[in-house]
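Below: one structure, written as structure tokens.
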Amino acid sequence: MNNLLVIYHEDFLCYEKLKRKIKNITINMDDFKITTTHDKRGILLRLSTEITFELNIVKEVNLNDISHSIIFNCFNEYDEIITEIKEKNIPIRIINLKLAKAINIKGTTFGKGSSETYEYIGRGSKWGNPYSMYENGDDRDEVIRKFKYDFDFDKFLNVKKEDFIHLKGKKLGCFCKPQACHGDVIADYLNSLDDGE
């Protein structure tokens with residue numbers, strides 16, 4: 001039985017893309033199972049309800065047990081295992097993702113401006129959360145909830161939801177991380193979009 005190693009970046013949310021890539025690779029396989037190091041978003045488990053396969057989540061991968069591999073890579077996170085897979089001559093398909101990710105920019109020389117490294121999404125930018133913590137007695141969760149509501153229903157005055165596509169594949173610079181941030185709402189939306197590739 002074929003044993004596919006499938007690893008996706010934890011910020012990847014596009015179920016349709018994952019499904020399409022796995023179906024294209026397994027179309028001529030009678031039986032297969034999938035081994036992975038995590039399924040934090042539950043998308044492999046969801047896929048196993050549509051396509052019949054055994055899902056194994058392991059802490060460490062034994063490449064000697066793997067027949068094929070599919071790596072959804074971003075930010076060069078999986079370069080080490082990709083090298084190991086290639087050294088073992090295991091057939092590999094690398095899908096390079098353009099994910100958005102909120103990052104902390106405290107201490108950078110750019111401060112409240114965008115740079116080649118990130119797009120500033122904090123207060124004062126086009127992408128900033130119009131709701132401020134503690135201004136109306138709101139805590140972090142409440143201002144993020146308000147932002148998410150306006151974002152989901154396209155209620156912003158100065159920016160349309162479709163404009164956020166400009167941020168796809170970029171690091172979103174703010175001062176909140178590692179705490180929850182409105183940048184997480186933006187990133188989750190962008191990382192769930194199917195680019196059709």
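Naming scheme: A, B, ... for chains in displayed order of the structure tokens; residues 1 onward per chain; ligands 1 onward as shown.
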Quiz item: Taking the backbone alone, and naming residues the way the document does, which bits of segment 115-176 of chain A are helix (DSSP H, G or I) by DSSP, as a list of chain:residue names?
Solution: A:Arg140, A:Asp141, A:Glu142, A:Val143, A:Ile144, A:Arg145, A:Lys146, A:Phe147, A:Lys148, A:Tyr149, A:Asp150, A:Phe151, A:Asp152, A:Lys161, A:Glu162, A:Asp163, A:Phe164, A:Ile165, A:His166, A:Leu167
Write to file, as a short mmCIF file (atom, residue, chain, number, x, y, z; two decimals), in the first residue's frame, the residues of the selection just made, with N, CA and C atoms.
data_model
loop_
_atom_site.label_atom_id
_atom_site.label_comp_id
_atom_site.auth_asym_id
_atom_site.auth_seq_id
_atom_site.Cartn_x
_atom_site.Cartn_y
_atom_site.Cartn_z
N ARG A 140 -9.07 42.80 24.35
CA ARG A 140 -8.49 42.34 23.08
C ARG A 140 -9.48 41.47 22.29
N ASP A 141 -10.09 40.50 22.96
CA ASP A 141 -11.02 39.60 22.27
C ASP A 141 -12.19 40.35 21.66
N GLU A 142 -12.69 41.35 22.37
CA GLU A 142 -13.85 42.10 21.88
C GLU A 142 -13.50 42.95 20.66
N VAL A 143 -12.35 43.62 20.66
CA VAL A 143 -12.00 44.45 19.50
C VAL A 143 -11.69 43.57 18.28
N ILE A 144 -11.16 42.38 18.51
CA ILE A 144 -10.93 41.45 17.40
C ILE A 144 -12.27 40.93 16.88
N ARG A 145 -13.20 40.64 17.80
CA ARG A 145 -14.53 40.18 17.39
C ARG A 145 -15.23 41.25 16.55
N LYS A 146 -15.15 42.51 16.98
CA LYS A 146 -15.76 43.60 16.22
C LYS A 146 -15.12 43.73 14.83
N PHE A 147 -13.80 43.65 14.80
CA PHE A 147 -13.10 43.72 13.51
C PHE A 147 -13.56 42.58 12.60
N LYS A 148 -13.62 41.37 13.16
CA LYS A 148 -14.01 40.19 12.36
C LYS A 148 -15.43 40.36 11.81
N TYR A 149 -16.33 40.89 12.62
CA TYR A 149 -17.70 41.11 12.15
C TYR A 149 -17.70 42.07 10.96
N ASP A 150 -17.04 43.22 11.13
CA ASP A 150 -16.99 44.20 10.04
C ASP A 150 -16.28 43.63 8.81
N PHE A 151 -15.24 42.84 9.05
CA PHE A 151 -14.49 42.23 7.96
C PHE A 151 -15.37 41.23 7.21
N ASP A 152 -16.00 40.33 7.94
CA ASP A 152 -16.84 39.29 7.33
C ASP A 152 -17.98 39.88 6.51
N LYS A 161 -13.32 44.50 1.51
CA LYS A 161 -12.77 43.18 1.79
C LYS A 161 -11.89 42.69 0.64
N GLU A 162 -12.31 42.96 -0.58
CA GLU A 162 -11.54 42.51 -1.75
C GLU A 162 -10.16 43.17 -1.82
N ASP A 163 -10.00 44.35 -1.20
CA ASP A 163 -8.70 45.03 -1.19
C ASP A 163 -7.65 44.25 -0.39
N PHE A 164 -8.11 43.46 0.57
CA PHE A 164 -7.18 42.71 1.42
C PHE A 164 -6.40 41.66 0.63
N ILE A 165 -6.86 41.31 -0.57
CA ILE A 165 -6.15 40.35 -1.42
C ILE A 165 -4.71 40.83 -1.65
N HIS A 166 -4.51 42.14 -1.62
CA HIS A 166 -3.18 42.74 -1.78
C HIS A 166 -2.18 42.18 -0.75
N LEU A 167 -2.69 41.71 0.38
CA LEU A 167 -1.83 41.23 1.47
C LEU A 167 -1.50 39.74 1.36
#
Enumerate, in order of chain and increasing residue number, the residues of segment 65-108 of chain A with an atom no farther than 10 Å from segment 26-35 of chain A, each with its shortest atom pair and distance in Å to one decimal, counting only C-alpha atoms, as JSON lines.
{"residue": "A:Asp65", "atom": "CA", "partner": "A:Thr35", "partner_atom": "CA", "distance": 9.4}
{"residue": "A:Ile66", "atom": "CA", "partner": "A:Thr35", "partner_atom": "CA", "distance": 8.1}
{"residue": "A:Ser67", "atom": "CA", "partner": "A:Phe32", "partner_atom": "CA", "distance": 9.6}
{"residue": "A:His68", "atom": "CA", "partner": "A:Ile34", "partner_atom": "CA", "distance": 9.5}
{"residue": "A:Ser69", "atom": "CA", "partner": "A:Thr35", "partner_atom": "CA", "distance": 9.2}
{"residue": "A:Ile70", "atom": "CA", "partner": "A:Ile34", "partner_atom": "CA", "distance": 9.9}
Report the closest atom pair, with its distance in Å rounded to one decimal, for each residue of segment 6-109 of chain A that has an atom no farther than 9 Å from segment 184-187 of chain A; count only C-alpha atoms, sort by chain and then rising residue number, and write it as JSON lines.
{"residue": "A:Asp11", "atom": "CA", "partner": "A:Ala187", "partner_atom": "CA", "distance": 8.1}
{"residue": "A:Leu99", "atom": "CA", "partner": "A:Ala187", "partner_atom": "CA", "distance": 7.5}
{"residue": "A:Ala100", "atom": "CA", "partner": "A:Ala187", "partner_atom": "CA", "distance": 5.0}
{"residue": "A:Lys101", "atom": "CA", "partner": "A:Ala187", "partner_atom": "CA", "distance": 5.7}
{"residue": "A:Ala102", "atom": "CA", "partner": "A:Asp184", "partner_atom": "CA", "distance": 6.1}
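Minimum atom-to-atom distances from A:Thr36, A:Thr117, A:Ser192, A:Asn76 to Tyr8 of chain A were compared using only C-alpha atoms, and the lowest value belongs to A:Thr36.
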Exercise. Please report, as a PyMOL selection string, each residue of chain A to which DSSP assigns strand (DSSP E) when run on this structure's backbone.
Key: chain A and resi 2-8+32-36+54-57+68-73+92-96+101-104+119-120+171-174
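Nearest residue to Leu193 of chain A, choosing from A:Lys17, A:Arg93, A:Arg123, A:Lys171 and counting only C-alpha atoms: A:Lys17.
Compared by their closest atoms to Ser115 of chain A, and using only C-alpha atoms, the residues A:Ile85, A:Met133, A:Cys181, A:Leu172 rank with A:Leu172 nearest.
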